[in-house]
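Undergrad: Let me begin by handing over the structure; questions about it come next.
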Amino acid sequence: MAANPKTGQKEPIFFNRAYPNWYSSQKNKDKLMSPITPTHEAKTLQALPNTLGEVAITFDKRYRYEDILKMMPHNIMINYYWLGFHSDALDTSSHVGCYVGLNAKDNGSGKLNDQFAGLPDKTKYNDYQGLKKALKSQINRKNVDYIDIAKDAEKQLAPSLKTAEFAGVIVTGRTENLAKLDQLPYTYASNVGITTPIMPYQSPIK
């Protein structure tokens, strides 16, 4: 289980689908992390009625941004798009907290921007083209298992958002809706993050 070091709250995690096979092919496994079995925690949320939850969904393969918008249930809210890993050698445990991706709009649409126009420099990293700039600025700054995270992420980028692909998403919504995510054919793994009771004075977006 991953937890925020400051708050102690559970954080949702993604899985590297390629790592188990890579691990199996290595001769010297003593210094390697053993593969973690993909979790399917979303279905456990059915035991928490009248609650909002957060779930990380690792897809069974990379999907185009536009296809993700169509295939995700409309009664949940996409909050974050995970770019995924290019390297097979990044294990699930070591890369917690090293995810590269983009936050979706907070209006419930689940949409991203390819490029903002005419906005101040402080917004330059908040769209897909800005993500490319951000990664360039982070090259040679953070390694995990001797792999440069920024360089690895760059290999997953597309020319524009129209052809961009993502390996997973973080979604929020009512637990009765989130619990059904494990039944979807494209769900490789689901991992729960924060849950909070729905209060009568606060109506959730979804």
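The chains in the structure tokens are called A, B, ... from first to last as shown; in each chain the residues are counted from 1, and the ligands are counted from 1 in the order shown.
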Please list as a count of residues only every residue within 12 Å of Thr37 in chain A, counting only C-alpha atoms and excluding residues in the same chain fewer than 5 positions away.
TA: 13
Undergrad: Which residues are near range 197-203 of chain A? Cut-off 9 Å, only C-alpha atoms, ignore same chain within fewer than 2 positions. Put them as a list in words.
TA: Leu48, Pro49, Asn50, Thr51, Leu52, Gly53, Arg174, Thr195, Ile205 and Lys206 of chain A
Undergrad: Could you check which of A:Asp148, A:Asp106, A:Glu154, A:Glu165 is closest to Pro204 in chain A, using only C-alpha atoms?
TA: A:Asp106
Undergrad: Excluding same-chain residues fewer than 2 positions from Gly110 in chain A, what lies within 8 Å of it counting only C-alpha atoms, as a VMD selection string?
TA: chain A and resid 69 77 to 79 104 to 108 112
Undergrad: Between CA of Asn126 in chain A and CA of Asp114 in chain A, what is the distance, to one decimal in Å?
TA: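 Interatomic distance, CA of Asn126 in chain A to CA of Asp114 in chain A: 9.1 Å.
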Undergrad: Please identify all polymer residues within 10 Å of Gln183 in chain A, counting only C-alpha atoms, omitting same-chain residues fewer than 4 positions from it, and present them as a compact mmCIF listing (two decimals) with N, CA and C atoms, in the first residue's frame.
TA:
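Output below, filename result.txt:
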```txt
# COMPACT_ATOMS: atom_id res chain seq x y z
N HIS A 40 -7.19 -5.41 -7.69
CA HIS A 40 -8.53 -5.09 -8.20
C HIS A 40 -9.35 -4.59 -7.02
N ALA A 42 -11.12 -1.75 -6.80
CA ALA A 42 -12.33 -0.98 -7.07
C ALA A 42 -13.58 -1.73 -6.62
N LYS A 43 -13.62 -3.03 -6.85
CA LYS A 43 -14.81 -3.81 -6.51
C LYS A 43 -15.09 -3.84 -5.01
N ALA A 179 -17.08 0.87 -8.17
CA ALA A 179 -16.97 -0.57 -7.91
C ALA A 179 -17.13 -1.40 -9.18
N THR A 187 -9.60 -2.87 -18.05
CA THR A 187 -8.99 -2.67 -16.74
C THR A 187 -8.00 -3.79 -16.43
```
Undergrad: Give the strand (DSSP E) residues of chain A, as DSSP finds them on the backbone, and put them as a PyMOL selection string.
TA: chain A and resi 2-3+10-11+51-64+77-82+101-103+143-144+147-148+165-174+187-197
Undergrad: Could you save the residues just selected, with C-alpha atoms, as a compact mmCIF listing (two decimals), in the first residue's frame?
TA:
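As a result, part27.txt now contains:
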```txt
# COMPACT_ATOMS: atom_id res chain seq x y z
CA ALA A 2 1.28 3.48 -0.90
CA ALA A 3 0.63 6.38 1.47
CA LYS A 10 -3.65 5.99 0.96
CA GLU A 11 -2.52 6.90 -2.55
CA THR A 51 -19.06 7.61 -0.22
CA LEU A 52 -16.83 9.29 -2.78
CA GLY A 53 -13.69 7.46 -3.83
CA GLU A 54 -10.55 7.79 -5.90
CA VAL A 55 -9.25 4.95 -8.10
CA ALA A 56 -6.21 4.53 -10.36
CA ILE A 57 -6.99 2.41 -13.41
CA THR A 58 -4.09 0.78 -15.26
CA PHE A 59 -5.26 -0.10 -18.76
CA ASP A 60 -4.56 -3.42 -20.47
CA LYS A 61 -2.73 -1.42 -23.16
CA ARG A 62 -2.14 2.20 -24.09
CA TYR A 63 -5.21 3.98 -25.47
CA ARG A 64 -5.63 7.18 -27.43
CA MET A 77 -14.86 11.84 -13.37
CA ILE A 78 -11.42 11.54 -14.99
CA ASN A 79 -8.97 13.62 -12.97
CA TYR A 80 -5.56 12.54 -14.26
CA TYR A 81 -4.04 10.88 -17.32
CA TRP A 82 -0.96 8.73 -16.75
CA GLY A 101 0.98 12.76 -16.74
CA LEU A 102 -1.55 15.57 -16.90
CA ASN A 103 -4.44 16.74 -14.73
CA ASN A 143 16.55 8.40 -11.86
CA VAL A 144 14.70 5.30 -10.68
CA ILE A 147 16.49 4.96 -15.55
CA ASP A 148 15.97 8.66 -16.25
CA GLU A 165 -1.83 7.69 -25.82
CA PHE A 166 -2.06 7.05 -22.08
CA ALA A 167 -1.52 3.95 -19.96
CA GLY A 168 -4.02 4.75 -17.21
CA VAL A 169 -6.19 7.30 -15.46
CA ILE A 170 -7.13 8.37 -11.95
CA VAL A 171 -10.88 8.78 -11.56
CA THR A 172 -13.24 9.87 -8.79
CA GLY A 173 -16.91 9.30 -8.20
CA ARG A 174 -19.51 7.57 -6.10
CA THR A 187 -8.99 -2.67 -16.74
CA TYR A 188 -5.67 -4.40 -16.06
CA ALA A 189 -5.59 -3.22 -12.44
CA SER A 190 -7.50 -0.91 -10.10
CA ASN A 191 -6.08 0.63 -6.96
CA VAL A 192 -8.03 2.74 -4.47
CA GLY A 193 -6.83 6.04 -3.04
CA ILE A 194 -8.74 8.41 -0.78
CA THR A 195 -12.36 7.79 0.21
CA THR A 196 -14.60 10.31 1.94
CA PRO A 197 -18.27 10.30 3.05
```
Undergrad: List as a list in words the protein and nucleic acid residues near Ser160 in chain A, meaning an atom at most 12 Å away when only C-alpha atoms are counted, but skip any in the same chain fewer than 4 places from it.
TA: Arg64, Tyr65, Glu66, Leu112, Asn113, Asp114, Gln115, Asp127, Tyr128, Gln129, Gly130, Leu131, Lys132, Gln156, Ala164 and Glu165 of chain A
Undergrad: Could you take the residues named above and write them with all heavy atoms, as a short mmCIF file (atom, residue, chain, number, x, y, z; two decimals), in the first residue's frame?
TA:
```cif
data_model
loop_
_atom_site.label_atom_id
_atom_site.label_comp_id
_atom_site.auth_asym_id
_atom_site.auth_seq_id
_atom_site.Cartn_x
_atom_site.Cartn_y
_atom_site.Cartn_z
N ARG A 64 -5.62 5.78 -27.00
CA ARG A 64 -5.63 7.18 -27.43
C ARG A 64 -6.53 8.01 -26.52
O ARG A 64 -7.56 7.52 -26.04
CB ARG A 64 -6.10 7.30 -28.88
CG ARG A 64 -5.03 6.92 -29.90
CD ARG A 64 -5.38 7.44 -31.27
NE ARG A 64 -4.31 7.19 -32.22
CZ ARG A 64 -4.27 7.72 -33.44
NH1 ARG A 64 -5.25 8.49 -33.86
NH2 ARG A 64 -3.25 7.46 -34.25
N TYR A 65 -6.13 9.26 -26.35
CA TYR A 65 -6.87 10.18 -25.49
C TYR A 65 -8.35 10.24 -25.87
O TYR A 65 -9.23 10.12 -25.00
CB TYR A 65 -6.23 11.56 -25.58
CG TYR A 65 -7.10 12.71 -25.13
CD1 TYR A 65 -7.45 12.85 -23.78
CD2 TYR A 65 -7.59 13.64 -26.03
CE1 TYR A 65 -8.25 13.90 -23.36
CE2 TYR A 65 -8.38 14.70 -25.62
CZ TYR A 65 -8.72 14.82 -24.28
OH TYR A 65 -9.51 15.86 -23.87
N GLU A 66 -8.64 10.40 -27.15
CA GLU A 66 -10.03 10.53 -27.59
C GLU A 66 -10.82 9.25 -27.33
O GLU A 66 -12.03 9.30 -27.05
CB GLU A 66 -10.08 10.91 -29.08
CG GLU A 66 -9.53 12.31 -29.35
CD GLU A 66 -9.63 12.72 -30.80
OE1 GLU A 66 -9.96 11.84 -31.64
OE2 GLU A 66 -9.40 13.89 -31.11
N LEU A 112 -8.52 17.33 -21.68
CA LEU A 112 -7.22 17.98 -21.59
C LEU A 112 -7.13 19.05 -22.68
O LEU A 112 -7.94 19.08 -23.60
CB LEU A 112 -6.09 16.96 -21.82
CG LEU A 112 -5.97 15.79 -20.85
CD1 LEU A 112 -4.94 14.80 -21.38
CD2 LEU A 112 -5.58 16.29 -19.46
N ASN A 113 -6.14 19.91 -22.58
CA ASN A 113 -5.83 20.87 -23.63
C ASN A 113 -4.54 20.46 -24.32
O ASN A 113 -3.60 20.02 -23.66
CB ASN A 113 -5.67 22.28 -23.06
CG ASN A 113 -6.99 22.91 -22.69
OD1 ASN A 113 -7.90 23.00 -23.50
ND2 ASN A 113 -7.11 23.34 -21.44
N ASP A 114 -4.51 20.60 -25.64
CA ASP A 114 -3.27 20.35 -26.36
C ASP A 114 -2.29 21.48 -26.12
O ASP A 114 -1.12 21.28 -25.82
CB ASP A 114 -3.53 20.19 -27.86
CG ASP A 114 -2.26 19.85 -28.62
OD1 ASP A 114 -1.55 18.93 -28.19
OD2 ASP A 114 -1.99 20.51 -29.64
N GLN A 115 -2.81 22.72 -26.23
CA GLN A 115 -1.95 23.88 -26.02
C GLN A 115 -2.80 25.09 -25.68
O GLN A 115 -3.75 25.42 -26.40
CB GLN A 115 -1.12 24.17 -27.27
CG GLN A 115 -0.06 25.24 -27.07
CD GLN A 115 0.91 25.30 -28.24
OE1 GLN A 115 0.64 24.79 -29.32
NE2 GLN A 115 2.04 25.94 -28.03
N ASP A 127 -0.63 21.85 -20.28
CA ASP A 127 -1.25 21.24 -21.44
C ASP A 127 -0.28 20.21 -22.02
O ASP A 127 0.83 20.03 -21.53
CB ASP A 127 -1.61 22.30 -22.49
CG ASP A 127 -0.43 23.20 -22.85
OD1 ASP A 127 0.64 22.66 -23.17
OD2 ASP A 127 -0.58 24.43 -22.81
N TYR A 128 -0.71 19.53 -23.08
CA TYR A 128 0.10 18.44 -23.61
C TYR A 128 1.43 18.92 -24.18
O TYR A 128 2.48 18.29 -23.96
CB TYR A 128 -0.68 17.68 -24.69
CG TYR A 128 -0.04 16.37 -25.08
CD1 TYR A 128 -0.06 15.28 -24.21
CD2 TYR A 128 0.59 16.21 -26.30
CE1 TYR A 128 0.54 14.08 -24.54
CE2 TYR A 128 1.19 15.01 -26.66
CZ TYR A 128 1.16 13.95 -25.78
OH TYR A 128 1.75 12.75 -26.11
N GLN A 129 1.40 20.03 -24.88
CA GLN A 129 2.65 20.58 -25.41
C GLN A 129 3.54 21.08 -24.28
O GLN A 129 4.77 20.97 -24.33
CB GLN A 129 2.37 21.70 -26.41
CG GLN A 129 1.56 21.27 -27.63
CD GLN A 129 2.20 20.12 -28.40
OE1 GLN A 129 3.43 20.05 -28.53
NE2 GLN A 129 1.39 19.19 -28.89
N GLY A 130 2.91 21.61 -23.24
CA GLY A 130 3.67 22.05 -22.07
C GLY A 130 4.33 20.90 -21.34
O GLY A 130 5.42 21.05 -20.76
N LEU A 131 3.68 19.72 -21.37
CA LEU A 131 4.27 18.54 -20.75
C LEU A 131 5.60 18.20 -21.40
O LEU A 131 6.56 17.81 -20.73
CB LEU A 131 3.30 17.36 -20.86
CG LEU A 131 3.79 16.01 -20.34
CD1 LEU A 131 4.12 16.08 -18.85
CD2 LEU A 131 2.76 14.92 -20.61
N LYS A 132 5.67 18.38 -22.70
CA LYS A 132 6.92 18.12 -23.42
C LYS A 132 8.03 19.05 -22.92
O LYS A 132 9.18 18.62 -22.70
CB LYS A 132 6.73 18.30 -24.92
CG LYS A 132 5.75 17.32 -25.54
CD LYS A 132 5.61 17.58 -27.04
CE LYS A 132 4.63 16.63 -27.68
NZ LYS A 132 4.50 16.86 -29.14
N GLN A 156 7.25 8.21 -24.80
CA GLN A 156 5.82 7.88 -24.87
C GLN A 156 5.00 9.00 -25.52
O GLN A 156 3.79 8.86 -25.68
CB GLN A 156 5.27 7.62 -23.47
CG GLN A 156 6.01 6.56 -22.68
CD GLN A 156 5.58 5.15 -23.06
OE1 GLN A 156 5.44 4.83 -24.24
NE2 GLN A 156 5.37 4.31 -22.08
N ALA A 164 -2.18 11.36 -28.95
CA ALA A 164 -1.56 10.98 -27.68
C ALA A 164 -2.19 9.72 -27.11
O ALA A 164 -3.40 9.49 -27.25
CB ALA A 164 -1.71 12.12 -26.67
N GLU A 165 -1.35 8.90 -26.47
CA GLU A 165 -1.83 7.69 -25.82
C GLU A 165 -1.45 7.71 -24.34
O GLU A 165 -0.41 8.24 -23.97
CB GLU A 165 -1.23 6.45 -26.49
CG GLU A 165 -1.70 6.23 -27.91
CD GLU A 165 -1.12 4.97 -28.52
OE1 GLU A 165 -0.09 4.49 -28.02
OE2 GLU A 165 -1.69 4.47 -29.50
#
```
Undergrad: Step one, run DSSP on the backbone; step two, keep only residues of range 22-140 of chain A assigned to alpha helix (DSSP H); then write them as a list of chain:residue names.
TA: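 Going through range 22-140 of chain A, the alpha helix (DSSP H) residues come out as A:Trp22, A:Tyr23, A:Ser24, A:Ser25, A:Tyr65, A:Glu66, A:Asp67, A:Ile68, A:Leu69, A:Lys70, A:Met71, A:Tyr128, A:Gln129, A:Gly130, A:Leu131, A:Lys132, A:Lys133, A:Ala134, A:Leu135, A:Lys136, A:Ser137, A:Gln138.
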Undergrad: Store the residues picked out above, limited to N, CA and C atoms, as a PDB file, in the first residue's frame.
TA:
```
ATOM      1  N   TRP A  22       9.557  -9.046 -17.832  1.00  0.00           N
ATOM      2  CA  TRP A  22      10.960  -8.617 -17.822  1.00  0.00           C
ATOM      3  C   TRP A  22      11.683  -9.265 -16.645  1.00  0.00           C
ATOM      4  N   TYR A  23      11.046  -9.250 -15.486  1.00  0.00           N
ATOM      5  CA  TYR A  23      11.629  -9.839 -14.280  1.00  0.00           C
ATOM      6  C   TYR A  23      11.912 -11.330 -14.497  1.00  0.00           C
ATOM      7  N   SER A  24      10.983 -12.020 -15.093  1.00  0.00           N
ATOM      8  CA  SER A  24      11.133 -13.461 -15.319  1.00  0.00           C
ATOM      9  C   SER A  24      12.307 -13.776 -16.233  1.00  0.00           C
ATOM     10  N   SER A  25      12.635 -12.833 -17.112  1.00  0.00           N
ATOM     11  CA  SER A  25      13.713 -13.070 -18.077  1.00  0.00           C
ATOM     12  C   SER A  25      15.106 -12.771 -17.516  1.00  0.00           C
ATOM     13  N   TYR A  65      -6.133   9.261 -26.350  1.00  0.00           N
ATOM     14  CA  TYR A  65      -6.873  10.182 -25.491  1.00  0.00           C
ATOM     15  C   TYR A  65      -8.349  10.241 -25.866  1.00  0.00           C
ATOM     16  N   GLU A  66      -8.641  10.402 -27.153  1.00  0.00           N
ATOM     17  CA  GLU A  66     -10.029  10.527 -27.592  1.00  0.00           C
ATOM     18  C   GLU A  66     -10.821   9.255 -27.334  1.00  0.00           C
ATOM     19  N   ASP A  67     -10.167   8.094 -27.418  1.00  0.00           N
ATOM     20  CA  ASP A  67     -10.852   6.832 -27.149  1.00  0.00           C
ATOM     21  C   ASP A  67     -11.139   6.670 -25.656  1.00  0.00           C
ATOM     22  N   ILE A  68     -10.223   7.156 -24.824  1.00  0.00           N
ATOM     23  CA  ILE A  68     -10.426   7.082 -23.376  1.00  0.00           C
ATOM     24  C   ILE A  68     -11.666   7.875 -22.970  1.00  0.00           C
ATOM     25  N   LEU A  69     -11.838   9.045 -23.555  1.00  0.00           N
ATOM     26  CA  LEU A  69     -13.012   9.868 -23.252  1.00  0.00           C
ATOM     27  C   LEU A  69     -14.307   9.130 -23.583  1.00  0.00           C
ATOM     28  N   LYS A  70     -14.272   8.344 -24.642  1.00  0.00           N
ATOM     29  CA  LYS A  70     -15.473   7.624 -25.068  1.00  0.00           C
ATOM     30  C   LYS A  70     -15.722   6.365 -24.240  1.00  0.00           C
ATOM     31  N   MET A  71     -14.642   5.674 -23.839  1.00  0.00           N
ATOM     32  CA  MET A  71     -14.831   4.362 -23.218  1.00  0.00           C
ATOM     33  C   MET A  71     -15.018   4.407 -21.703  1.00  0.00           C
ATOM     34  N   TYR A 128      -0.712  19.529 -23.077  1.00  0.00           N
ATOM     35  CA  TYR A 128       0.101  18.435 -23.610  1.00  0.00           C
ATOM     36  C   TYR A 128       1.430  18.921 -24.176  1.00  0.00           C
ATOM     37  N   GLN A 129       1.398  20.030 -24.885  1.00  0.00           N
ATOM     38  CA  GLN A 129       2.653  20.578 -25.412  1.00  0.00           C
ATOM     39  C   GLN A 129       3.541  21.082 -24.276  1.00  0.00           C
ATOM     40  N   GLY A 130       2.908  21.605 -23.236  1.00  0.00           N
ATOM     41  CA  GLY A 130       3.670  22.045 -22.066  1.00  0.00           C
ATOM     42  C   GLY A 130       4.330  20.895 -21.339  1.00  0.00           C
ATOM     43  N   LEU A 131       3.681  19.721 -21.367  1.00  0.00           N
ATOM     44  CA  LEU A 131       4.268  18.535 -20.747  1.00  0.00           C
ATOM     45  C   LEU A 131       5.604  18.204 -21.404  1.00  0.00           C
ATOM     46  N   LYS A 132       5.671  18.376 -22.702  1.00  0.00           N
ATOM     47  CA  LYS A 132       6.924  18.118 -23.415  1.00  0.00           C
ATOM     48  C   LYS A 132       8.032  19.050 -22.923  1.00  0.00           C
ATOM     49  N   LYS A 133       7.692  20.322 -22.729  1.00  0.00           N
ATOM     50  CA  LYS A 133       8.669  21.298 -22.233  1.00  0.00           C
ATOM     51  C   LYS A 133       9.108  20.934 -20.817  1.00  0.00           C
ATOM     52  N   ALA A 134       8.140  20.522 -20.020  1.00  0.00           N
ATOM     53  CA  ALA A 134       8.453  20.175 -18.632  1.00  0.00           C
ATOM     54  C   ALA A 134       9.409  18.996 -18.564  1.00  0.00           C
ATOM     55  N   LEU A 135       9.194  18.001 -19.404  1.00  0.00           N
ATOM     56  CA  LEU A 135      10.055  16.822 -19.397  1.00  0.00           C
ATOM     57  C   LEU A 135      11.476  17.168 -19.821  1.00  0.00           C
ATOM     58  N   LYS A 136      11.599  18.035 -20.818  1.00  0.00           N
ATOM     59  CA  LYS A 136      12.941  18.452 -21.252  1.00  0.00           C
ATOM     60  C   LYS A 136      13.690  19.129 -20.118  1.00  0.00           C
ATOM     61  N   SER A 137      12.966  19.905 -19.316  1.00  0.00           N
ATOM     62  CA  SER A 137      13.606  20.628 -18.219  1.00  0.00           C
ATOM     63  C   SER A 137      14.001  19.708 -17.065  1.00  0.00           C
ATOM     64  N   GLN A 138      13.447  18.479 -17.040  1.00  0.00           N
ATOM     65  CA  GLN A 138      13.704  17.546 -15.944  1.00  0.00           C
ATOM     66  C   GLN A 138      14.687  16.430 -16.295  1.00  0.00           C
TER      67      GLN A 138
END
```
Undergrad: What is the distance, in Å and to one decimal place, between CA of Ile36 in chain A and CA of Ile139 in chain A?
TA: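 Computed distance, CA of Ile36 in chain A to CA of Ile139 in chain A, equals 27.9 Å.
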Undergrad: What does the structure give for the distance between CA of Ala47 in chain A and CA of Leu178 in chain A, in Å to one decimal?
TA: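 Computing it gives 11.4 Å between the two atoms.
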Undergrad: Looking at only C-alpha atoms, which of A:Val96, A:Ile76, A:Ala150, A:Leu45 is the one that sits closest to Thr175 in chain A?
TA: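 Of A:Val96, A:Ile76, A:Ala150, A:Leu45, the one nearest Thr175 in chain A, counting only C-alpha atoms, is A:Leu45.
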